[in-house]
Amino acid sequence: MSVPFSRLVWILTLGGLFEGGRLGFSATAADHFVVVGSGGVPSAQETSILEMAEFWTEELRRAYADSQRSVLFGAGNQPGKKPYYADVRVERETKEPNGYVLEHKGLDPGRLRANQVATPAALKSVLDRNLRRPGQVWLFAHGHGAPNRDLTELAPDRYRDNRLLLWPAGDAWGQEPTTPAPFTVPDLRRLLTAPERPADFVFLITSCYSGGFHQAVVAETDGRPTLLRGAAGFSAAHEDVPSAGCTTMPNLWDITYVGQFSRKLMADYSRQKGGRITLTEAHRAAVLALPEWSFELPLATSDYFLELWAKTLFSAHPAHRALWGGRLDEAQAAFASAWRNPTDGDSPPWREHRRWVEEVIADTPELAHPRRRDALTDPASARVMLEELNQRRKAAERLVKDSRRLLSQARPALLRAWDKALPQLVAALPRSKALTAELAWEPEVAATEAANPHPLRWSDALFDRHSHFAVAEPKRFAALTRWLARRENLRHDWIVAVHADKTDTAPETDKAVSEWVDRTVQWKQSEAVMQKAETAWANFRRAVVYRDVSAAWRTLERLGQTAALDDLAELHRIESLRLPPRGRN
């Protein structure tokens with residue numbers, strides 16, 4: 001029996017309705033990759049952010065279809081199109097005709113394939129559109145981040161509004177925007193809690209304070225960690241500490257979590273194992289590869305989940321006692337036992353994780369100190385030691401703050417002396433057409449120095465203020481950056497000469513320079529003290545956090561907390577994913 005064409009179409013469509021599940025249409029699983037790189041404003045958009053965006057863009061371009069990628073970087077500059085203005089900070093060296101080398105900063109436009117503006121609205125749109133389709137959505141975001149400083153320090157939800165700093169939406173791109181636009185933890189939470197979201201969501205967010213984004217997946221309800229299923233990821237930092245990798249010229253691939261994670265996932269281990277490694281393998285390898293002085297504290301969402309469970313054992317909050325009921329003492333004893341007995345284990349995944357934790361602890365240089373090493377046999381003692389190190393860190397920070405204040409007090413006298421010396425120094429420079437053009441900046445440079453309260457960034461304020469010239473008027477901007485570099489060298493050489501009595505100057509000039517040099521020495525010494533205190537605190541805290549995570553896991557197993565273990569297994573399911581096969585659409 002023949003079927004009319006219109007009826008055949010109706011039958012096929014009806015079949016599609018049955019096949020399509022709740023969406024009503026058949027839909028094949030698809031993967032989508034979102035690459036984000038942003039400093040928020042051009043002068044904060046360093047080459048390292050561009051380098052990481054280029055890495056992921058090119059790796060994904062070679063592996064997957066164009067329709068599977070979205071790239072959001074800076075102002076959306078693209079090759080072959082006129083850029084809005086420069087948005088990447090770089091370091092340059094220029095050799096003068098006399099052989100003198102000028103080290104100065106500059107700005108370049110972004111250069112990424114199929115790039116669009118990295119505004120919060122654009123990121124929300126890309127994520128929302130792709131989370132509504134079955135499959136997996138992968139977010140790789142590298143750039144600057146910040147905590148919510150509008151909340152008081154002791155607010156319980158202080159870190160629940162951490163943000164990734166993106167570009168402000170607006171039409172006036174001809175000048176430097178002054179305030180970045182945030183993409184926040186609540187923004188991500190709202191996208192992930194949309195009722196029509198069928199896709200899994202995987203993220204790698206490596207900005208400062210990026211650990212706050214785990215709270216889009218894990219929340220606390222009456223003292224109990226609760227999970228939003230179908231999402232997990234990795235951060236380079238805890239919710240309350242900065243990360244590394246957002247500087248102008250870092251050794252990005254060797255000394256940062258983001259560099260190590262990216263390289264391990266995409267290159268090193270894939271060659272050794274003949275296939276893509278899991279995200280968890282890349283995460284653990286990256287943590288072990290961090291240099292001993294690193295202040296980063298990387299976390300997986302499962303780490304954050306278990307850390308919250310660990311806190312329920314040490315909080316006096318009534319909700320926690322109600323959670324454990326009459327087994328609170330038993331739970332605390334089991335937790336302490338898991339700290340002291342690393343070989344006392346049960347499930348194979350836990351034992352594998354515990355071996356990694358012990359390796360991290362063995363490689364922690366701060367634990368060579370006997371008291372700190374002994375503190376890791378008891379969680380309460382570890383917290384006492386951590387607070388002691390934290391107080392030392394805060395004292396060192398105050399020392400740096402005081403030294404900066406003294407340096408700022410010495411600055412006005414130095415500026416007055418410098419203003420008097422500069423004309424003679426400039427007159428002695430070899431003349432050229434280029435130098436004559438650059439000297440036209442001098443009145444504005446002097447005015448900016450006088451108005452800028454920060455004693456250590458005299459030229460940066462002017463550089464930031466005129467960054468849009470880098471594309472609109474590149475010759476003019478190049479002249480500015482060269483003159484700032486020349487000026488910095490002149491000032492440095494003049495300070496050294498005066499301090500060494502190699503030039504005749506007025507007594508007030510000698511006094512101003514000597515005070516500046518003395519204050520600079522104090523500032524550098526206090527910076528060294530703070531760096532040492534920061535490193536000790538970060539190293540010890542990393543060991544404590546990972547041991548907390550491991551001990552909480554073992555405690556949940558021993559107490560038979562099946563609901564929590566099911567949640568943990570769901571997080572591990574996503575964290576153990578490999579990148580999909582090449583060419584999968």
# chains A, B, ... in the order shown; residues from 1 in each chain; ligands from 1
call {"tool": "residues_around", "arguments": {"residues": "A:Glu570", "least_positions_apart": "6", "cutoff": "9 Å", "atoms": "only C-alpha atoms", "output": "VMD selection string"}}
result
chain A and resid 229 to 232
call {"tool": "write_last_selection", "arguments": {"atoms": "N, CA, C and O atoms", "output": "PDB file, in the first residue's frame"}}
result
ATOM      1  N   ARG A 229      23.685  18.320  40.200  1.00  0.00           N
ATOM      2  CA  ARG A 229      24.261  17.252  39.388  1.00  0.00           C
ATOM      3  C   ARG A 229      24.504  17.693  37.949  1.00  0.00           C
ATOM      4  O   ARG A 229      23.887  18.632  37.454  1.00  0.00           O
ATOM      5  N   GLY A 230      25.421  16.973  37.302  1.00  0.00           N
ATOM      6  CA  GLY A 230      25.697  17.237  35.896  1.00  0.00           C
ATOM      7  C   GLY A 230      26.704  18.340  35.666  1.00  0.00           C
ATOM      8  O   GLY A 230      26.794  18.859  34.547  1.00  0.00           O
ATOM      9  N   ALA A 231      27.477  18.711  36.682  1.00  0.00           N
ATOM     10  CA  ALA A 231      28.469  19.773  36.516  1.00  0.00           C
ATOM     11  C   ALA A 231      29.611  19.553  37.492  1.00  0.00           C
ATOM     12  O   ALA A 231      29.401  19.071  38.610  1.00  0.00           O
ATOM     13  N   ALA A 232      30.820  19.893  37.062  1.00  0.00           N
ATOM     14  CA  ALA A 232      32.009  19.829  37.918  1.00  0.00           C
ATOM     15  C   ALA A 232      33.152  20.475  37.150  1.00  0.00           C
ATOM     16  O   ALA A 232      33.048  20.742  35.945  1.00  0.00           O
TER      17      ALA A 232
END
call {"tool": "select_by_dssp", "arguments": {"residues": "stretch 219-319 of chain A", "states": "strand (DSSP E or B)", "output": "list in words"}}
result
Ala219, Glu220, Thr221, Arg224, Pro225, Thr226, Leu227, Ala231, Ala232, Gly233, Phe234, Ser235, Leu299 and Ala300 of chain A
call {"tool": "residues_around", "arguments": {"residues": "A:Phe314", "least_positions_apart": "4", "cutoff": "12 Å", "atoms": "only C-alpha atoms", "output": "PyMOL selection string"}}
result
chain A and resi 223+307-310+318-321+324+328-329+331-333+335-336+379-380+383+548+552
call {"tool": "residues_around", "arguments": {"residues": "stretch 93-98 of chain A", "least_positions_apart": "3", "cutoff": "12 Å", "atoms": "only C-alpha atoms", "output": "list in words"}}
result
Val90, Val101, Leu102, Glu103, His104, Lys105, Gly106, Leu429, Pro430, Arg431, Ser432, Ala434, Leu435, Ala478, Ala479, Thr481, Arg482, Trp483, Ala485 and Arg486 of chain A
call {"tool": "closest_residue", "arguments": {"among": "A:Val384, A:Val496, A:Ala375, A:Leu323", "to": "A:Arg340", "atoms": "only C-alpha atoms"}}
result
A:Ala375
call {"tool": "select_by_dssp", "arguments": {"residues": "stretch 348-508 of chain A", "states": "helix (DSSP H, G or I)", "output": "JSON, numbers by chain"}}
result
{"A": [348, 349, 350, 351, 352, 353, 354, 355, 356, 357, 358, 359, 360, 361, 362, 365, 366, 367, 368, 370, 371, 372, 373, 374, 375, 379, 380, 381, 382, 383, 384, 385, 386, 387, 388, 389, 390, 391, 392, 393, 394, 395, 396, 397, 398, 399, 400, 401, 402, 403, 404, 405, 406, 407, 408, 409, 410, 411, 412, 413, 414, 415, 416, 417, 418, 419, 420, 421, 422, 423, 424, 425, 426, 427, 433, 434, 435, 436, 437, 438, 439, 440, 441, 442, 443, 444, 445, 446, 447, 448, 449, 450, 451, 460, 461, 462, 463, 464, 465, 469, 470, 471, 472, 474, 475, 476, 477, 478, 479, 480, 481, 482, 483, 484, 485, 486, 487, 488, 489, 490, 491, 492, 493, 494, 495, 496, 497, 498, 499, 507, 508]}
call {"tool": "residues_around", "arguments": {"residues": "stretch 351-355 of chain A", "least_positions_apart": "5", "cutoff": "12 Å", "atoms": "only C-alpha atoms", "output": "PDB file with C-alpha atoms, in the first residue's frame"}}
result
ATOM      1  CA  THR A 280      41.616  14.134  37.092  1.00  0.00           C
ATOM      2  CA  GLU A 281      44.986  12.805  35.915  1.00  0.00           C
ATOM      3  CA  HIS A 283      44.804  17.953  37.633  1.00  0.00           C
ATOM      4  CA  ARG A 284      46.881  15.754  39.930  1.00  0.00           C
ATOM      5  CA  SER A 302      35.052  17.044  44.510  1.00  0.00           C
ATOM      6  CA  ASP A 303      37.849  18.519  46.648  1.00  0.00           C
ATOM      7  CA  ALA A 338      41.958   8.936  58.690  1.00  0.00           C
ATOM      8  CA  TRP A 339      44.494  11.735  59.215  1.00  0.00           C
ATOM      9  CA  ASN A 341      46.574   6.323  59.305  1.00  0.00           C
ATOM     10  CA  PRO A 342      47.036   6.955  55.589  1.00  0.00           C
ATOM     11  CA  THR A 343      47.146   3.235  54.760  1.00  0.00           C
ATOM     12  CA  ASP A 344      43.881   2.496  56.536  1.00  0.00           C
ATOM     13  CA  GLY A 345      41.566   2.475  53.545  1.00  0.00           C
ATOM     14  CA  ASP A 346      38.716   0.760  51.811  1.00  0.00           C
ATOM     15  CA  VAL A 360      51.842  16.072  47.719  1.00  0.00           C
ATOM     16  CA  ILE A 361      52.678  16.121  51.437  1.00  0.00           C
ATOM     17  CA  ALA A 362      56.044  14.443  50.879  1.00  0.00           C
ATOM     18  CA  TYR A 546      44.246  17.949  50.646  1.00  0.00           C
ATOM     19  CA  ARG A 547      44.506  15.889  53.835  1.00  0.00           C
ATOM     20  CA  ASP A 548      41.126  17.251  54.955  1.00  0.00           C
ATOM     21  CA  VAL A 549      39.673  16.169  51.641  1.00  0.00           C
ATOM     22  CA  SER A 550      41.105  12.682  51.909  1.00  0.00           C
ATOM     23  CA  ALA A 551      40.110  12.209  55.555  1.00  0.00           C
ATOM     24  CA  ALA A 552      36.558  13.399  54.881  1.00  0.00           C
ATOM     25  CA  TRP A 553      36.221  10.872  52.050  1.00  0.00           C
ATOM     26  CA  ARG A 554      37.361   8.031  54.303  1.00  0.00           C
ATOM     27  CA  GLU A 557      32.883   5.632  53.755  1.00  0.00           C
ATOM     28  CA  HIS A 572      34.088  11.993  39.916  1.00  0.00           C
TER      29      HIS A 572
END
call {"tool": "closest_residue", "arguments": {"among": "A:Glu91, A:Leu191, A:Gly143, A:Lys475", "to": "A:Leu123", "atoms": "only C-alpha atoms"}}
result
A:Leu191
call {"tool": "residues_around", "arguments": {"residues": "A:Val117", "least_positions_apart": "2", "cutoff": "7 Å", "atoms": "only C-alpha atoms", "output": "mmCIF file with all heavy atoms, in the first residue's frame"}}
result
data_model
loop_
_atom_site.group_PDB
_atom_site.id
_atom_site.type_symbol
_atom_site.label_atom_id
_atom_site.label_comp_id
_atom_site.auth_asym_id
_atom_site.auth_seq_id
_atom_site.Cartn_x
_atom_site.Cartn_y
_atom_site.Cartn_z
ATOM 1 N N LEU A 72 35.880 33.827 23.149
ATOM 2 C CA LEU A 72 35.562 35.163 23.642
ATOM 3 C C LEU A 72 36.823 35.738 24.265
ATOM 4 O O LEU A 72 37.257 35.289 25.332
ATOM 5 C CB LEU A 72 34.439 35.120 24.673
ATOM 6 C CG LEU A 72 33.070 34.623 24.202
ATOM 7 C CD1 LEU A 72 32.979 33.106 24.303
ATOM 8 C CD2 LEU A 72 31.962 35.257 25.028
ATOM 9 N N PHE A 73 37.400 36.726 23.575
ATOM 10 C CA PHE A 73 38.663 37.288 24.060
ATOM 11 C C PHE A 73 38.633 38.802 23.917
ATOM 12 O O PHE A 73 38.436 39.338 22.817
ATOM 13 C CB PHE A 73 39.848 36.723 23.266
ATOM 14 C CG PHE A 73 41.175 37.282 23.709
ATOM 15 C CD1 PHE A 73 41.846 36.710 24.773
ATOM 16 C CD2 PHE A 73 41.726 38.388 23.086
ATOM 17 C CE1 PHE A 73 43.061 37.221 25.198
ATOM 18 C CE2 PHE A 73 42.936 38.907 23.505
ATOM 19 C CZ PHE A 73 43.604 38.322 24.564
ATOM 20 N N GLY A 74 38.849 39.502 25.012
ATOM 21 C CA GLY A 74 39.020 40.944 24.972
ATOM 22 C C GLY A 74 37.895 41.654 24.248
ATOM 23 O O GLY A 74 36.720 41.375 24.421
ATOM 24 N N ALA A 75 38.282 42.579 23.385
ATOM 25 C CA ALA A 75 37.315 43.385 22.656
ATOM 26 C C ALA A 75 36.855 42.712 21.370
ATOM 27 O O ALA A 75 36.194 43.333 20.547
ATOM 28 C CB ALA A 75 37.907 44.753 22.334
ATOM 29 N N GLY A 76 37.236 41.451 21.168
ATOM 30 C CA GLY A 76 36.771 40.739 19.986
ATOM 31 C C GLY A 76 37.619 40.968 18.759
ATOM 32 O O GLY A 76 37.157 40.773 17.642
ATOM 33 N N ASN A 115 36.807 35.206 16.750
ATOM 34 C CA ASN A 115 36.721 35.743 18.100
ATOM 35 C C ASN A 115 35.551 36.707 18.240
ATOM 36 O O ASN A 115 35.194 37.411 17.298
ATOM 37 C CB ASN A 115 38.036 36.465 18.431
ATOM 38 C CG ASN A 115 38.102 36.922 19.869
ATOM 39 O OD1 ASN A 115 37.505 36.297 20.734
ATOM 40 N ND2 ASN A 115 38.801 38.002 20.110
ATOM 41 N N THR A 119 32.184 39.806 26.757
ATOM 42 C CA THR A 119 31.319 40.460 27.729
ATOM 43 C C THR A 119 30.549 39.401 28.511
ATOM 44 O O THR A 119 30.371 38.271 28.044
ATOM 45 C CB THR A 119 30.309 41.389 27.041
ATOM 46 O OG1 THR A 119 29.482 40.600 26.170
ATOM 47 C CG2 THR A 119 31.010 42.469 26.234
#
call {"tool": "closest_residue", "arguments": {"among": "A:Ala506, A:Ala53, A:Leu228, A:Cys208", "to": "A:Arg163", "atoms": "only C-alpha atoms"}}
result
A:Cys208
call {"tool": "residues_around", "arguments": {"residues": "A:Gln78", "least_positions_apart": "3", "cutoff": "6 Å", "atoms": "only C-alpha atoms", "output": "PyMOL selection string"}}
result
chain A and resi 81+111-112+115
call {"tool": "write_last_selection", "arguments": {"atoms": "C-alpha atoms", "output": "mmCIF file, in the first residue's frame"}}
result
data_model
loop_
_atom_site.group_PDB
_atom_site.id
_atom_site.type_symbol
_atom_site.label_atom_id
_atom_site.label_comp_id
_atom_site.auth_asym_id
_atom_site.auth_seq_id
_atom_site.Cartn_x
_atom_site.Cartn_y
_atom_site.Cartn_z
ATOM 1 C CA LYS A 81 39.520 43.059 10.646
ATOM 2 C CA ARG A 111 44.683 37.781 17.158
ATOM 3 C CA LEU A 112 42.292 34.834 17.449
ATOM 4 C CA ASN A 115 36.721 35.743 18.100
#
call {"tool": "closest_residue", "arguments": {"among": "A:Leu306, A:Leu484, A:Ile49, A:Leu131", "to": "A:Glu196", "atoms": "only C-alpha atoms"}}
result
A:Leu131
call {"tool": "closest_residue", "arguments": {"among": "A:Tyr100, A:Phe203, A:Phe469, A:Trp167", "to": "A:Ser38", "atoms": "only C-alpha atoms"}}
result
A:Trp167
call {"tool": "decode", "arguments": {"residues": "stretch 336-378 of chain A", "atoms": "N, CA and C atoms", "output": "mmCIF file, in the first residue's frame"}}
result
data_model
loop_
_atom_site.group_PDB
_atom_site.id
_atom_site.type_symbol
_atom_site.label_atom_id
_atom_site.label_comp_id
_atom_site.auth_asym_id
_atom_site.auth_seq_id
_atom_site.Cartn_x
_atom_site.Cartn_y
_atom_site.Cartn_z
ATOM 1 N N ALA A 336 39.796 11.916 62.543
ATOM 2 C CA ALA A 336 41.156 11.995 63.090
ATOM 3 C C ALA A 336 41.953 10.742 62.762
ATOM 4 N N SER A 337 41.293 9.589 62.780
ATOM 5 C CA SER A 337 41.978 8.343 62.439
ATOM 6 C C SER A 337 42.424 8.339 60.988
ATOM 7 N N ALA A 338 41.592 8.878 60.105
ATOM 8 C CA ALA A 338 41.958 8.936 58.690
ATOM 9 C C ALA A 338 43.151 9.848 58.473
ATOM 10 N N TRP A 339 43.306 10.873 59.287
ATOM 11 C CA TRP A 339 44.494 11.735 59.215
ATOM 12 C C TRP A 339 45.752 10.964 59.612
ATOM 13 N N ARG A 340 45.632 10.191 60.712
ATOM 14 C CA ARG A 340 46.831 9.560 61.279
ATOM 15 C C ARG A 340 47.246 8.302 60.535
ATOM 16 N N ASN A 341 46.292 7.630 59.894
ATOM 17 C CA ASN A 341 46.574 6.323 59.305
ATOM 18 C C ASN A 341 46.310 6.337 57.808
ATOM 19 N N PRO A 342 47.265 6.820 57.040
ATOM 20 C CA PRO A 342 47.036 6.955 55.589
ATOM 21 C C PRO A 342 46.846 5.632 54.870
ATOM 22 N N THR A 343 47.298 4.526 55.443
ATOM 23 C CA THR A 343 47.146 3.235 54.760
ATOM 24 C C THR A 343 45.850 2.546 55.129
ATOM 25 N N ASP A 344 45.139 3.094 56.099
ATOM 26 C CA ASP A 344 43.881 2.496 56.536
ATOM 27 C C ASP A 344 42.792 2.908 55.569
ATOM 28 N N GLY A 345 42.493 2.059 54.590
ATOM 29 C CA GLY A 345 41.566 2.475 53.545
ATOM 30 C C GLY A 345 40.606 1.375 53.155
ATOM 31 N N ASP A 346 39.720 1.714 52.236
ATOM 32 C CA ASP A 346 38.716 0.760 51.811
ATOM 33 C C ASP A 346 38.599 0.747 50.298
ATOM 34 N N SER A 347 37.904 1.728 49.696
ATOM 35 C CA SER A 347 37.640 1.675 48.270
ATOM 36 C C SER A 347 38.896 1.970 47.467
ATOM 37 N N PRO A 348 39.058 1.309 46.320
ATOM 38 C CA PRO A 348 40.229 1.582 45.469
ATOM 39 C C PRO A 348 40.363 3.044 45.063
ATOM 40 N N PRO A 349 39.278 3.752 44.694
ATOM 41 C CA PRO A 349 39.449 5.169 44.363
ATOM 42 C C PRO A 349 40.005 5.988 45.523
ATOM 43 N N TRP A 350 39.523 5.689 46.748
ATOM 44 C CA TRP A 350 40.039 6.411 47.906
ATOM 45 C C TRP A 350 41.520 6.126 48.098
ATOM 46 N N ARG A 351 41.938 4.880 47.962
ATOM 47 C CA ARG A 351 43.351 4.540 48.166
ATOM 48 C C ARG A 351 44.225 5.238 47.125
ATOM 49 N N GLU A 352 43.732 5.293 45.880
ATOM 50 C CA GLU A 352 44.500 5.977 44.836
ATOM 51 C C GLU A 352 44.624 7.472 45.158
ATOM 52 N N HIS A 353 43.518 8.052 45.597
ATOM 53 C CA HIS A 353 43.552 9.475 45.964
ATOM 54 C C HIS A 353 44.485 9.694 47.144
ATOM 55 N N ARG A 354 44.445 8.813 48.126
ATOM 56 C CA ARG A 354 45.277 8.986 49.319
ATOM 57 C C ARG A 354 46.754 8.906 48.973
ATOM 58 N N ARG A 355 47.106 8.039 48.030
ATOM 59 C CA ARG A 355 48.512 7.970 47.602
ATOM 60 C C ARG A 355 48.951 9.308 47.007
ATOM 61 N N TRP A 356 48.065 9.926 46.225
ATOM 62 C CA TRP A 356 48.393 11.238 45.652
ATOM 63 C C TRP A 356 48.566 12.288 46.750
ATOM 64 N N VAL A 357 47.689 12.272 47.748
ATOM 65 C CA VAL A 357 47.796 13.223 48.858
ATOM 66 C C VAL A 357 49.121 13.052 49.582
ATOM 67 N N GLU A 358 49.508 11.817 49.846
ATOM 68 C CA GLU A 358 50.779 11.578 50.541
ATOM 69 C C GLU A 358 51.956 12.053 49.698
ATOM 70 N N GLU A 359 51.840 11.935 48.382
ATOM 71 C CA GLU A 359 52.909 12.428 47.515
ATOM 72 C C GLU A 359 53.000 13.947 47.565
ATOM 73 N N VAL A 360 51.847 14.614 47.578
ATOM 74 C CA VAL A 360 51.842 16.072 47.719
ATOM 75 C C VAL A 360 52.498 16.477 49.032
ATOM 76 N N ILE A 361 52.136 15.788 50.117
ATOM 77 C CA ILE A 361 52.678 16.121 51.437
ATOM 78 C C ILE A 361 54.180 15.856 51.484
ATOM 79 N N ALA A 362 54.613 14.756 50.883
ATOM 80 C CA ALA A 362 56.044 14.443 50.879
ATOM 81 C C ALA A 362 56.851 15.495 50.134
ATOM 82 N N ASP A 363 56.245 16.148 49.142
ATOM 83 C CA ASP A 363 56.943 17.165 48.350
ATOM 84 C C ASP A 363 56.746 18.576 48.884
ATOM 85 N N THR A 364 56.126 18.718 50.058
ATOM 86 C CA THR A 364 55.887 20.043 50.635
ATOM 87 C C THR A 364 57.076 20.457 51.478
ATOM 88 N N PRO A 365 57.883 21.419 51.028
ATOM 89 C CA PRO A 365 59.118 21.755 51.744
ATOM 90 C C PRO A 365 58.872 22.295 53.148
ATOM 91 N N GLU A 366 57.750 22.962 53.378
ATOM 92 C CA GLU A 366 57.495 23.532 54.699
ATOM 93 C C GLU A 366 57.320 22.460 55.764
ATOM 94 N N LEU A 367 57.074 21.205 55.353
ATOM 95 C CA LEU A 367 56.880 20.140 56.333
ATOM 96 C C LEU A 367 58.194 19.534 56.810
ATOM 97 N N ALA A 368 59.320 20.073 56.320
ATOM 98 C CA ALA A 368 60.607 19.669 56.887
ATOM 99 C C ALA A 368 60.745 20.217 58.309
ATOM 100 N N HIS A 369 60.003 21.275 58.601
ATOM 101 C CA HIS A 369 59.967 21.832 59.946
ATOM 102 C C HIS A 369 59.282 20.816 60.873
ATOM 103 N N PRO A 370 59.939 20.350 61.948
ATOM 104 C CA PRO A 370 59.382 19.258 62.770
ATOM 105 C C PRO A 370 57.980 19.550 63.302
ATOM 106 N N ARG A 371 57.752 20.762 63.819
ATOM 107 C CA ARG A 371 56.439 21.072 64.394
ATOM 108 C C ARG A 371 55.354 20.994 63.337
ATOM 109 N N ARG A 372 55.661 21.466 62.148
ATOM 110 C CA ARG A 372 54.654 21.430 61.090
ATOM 111 C C ARG A 372 54.410 20.006 60.620
ATOM 112 N N ARG A 373 55.476 19.222 60.556
ATOM 113 C CA ARG A 373 55.304 17.829 60.151
ATOM 114 C C ARG A 373 54.470 17.077 61.185
ATOM 115 N N ASP A 374 54.776 17.293 62.462
ATOM 116 C CA ASP A 374 54.035 16.608 63.515
ATOM 117 C C ASP A 374 52.579 17.052 63.555
ATOM 118 N N ALA A 375 52.322 18.294 63.157
ATOM 119 C CA ALA A 375 50.949 18.795 63.181
ATOM 120 C C ALA A 375 50.053 18.017 62.230
ATOM 121 N N LEU A 376 50.634 17.387 61.220
ATOM 122 C CA LEU A 376 49.827 16.654 60.262
ATOM 123 C C LEU A 376 49.418 15.269 60.747
ATOM 124 N N THR A 377 49.623 14.983 62.018
ATOM 125 C CA THR A 377 49.089 13.742 62.586
ATOM 126 C C THR A 377 47.799 14.000 63.350
ATOM 127 N N ASP A 378 47.394 15.271 63.438
ATOM 128 C CA ASP A 378 46.186 15.599 64.179
ATOM 129 C C ASP A 378 45.538 16.827 63.558
#
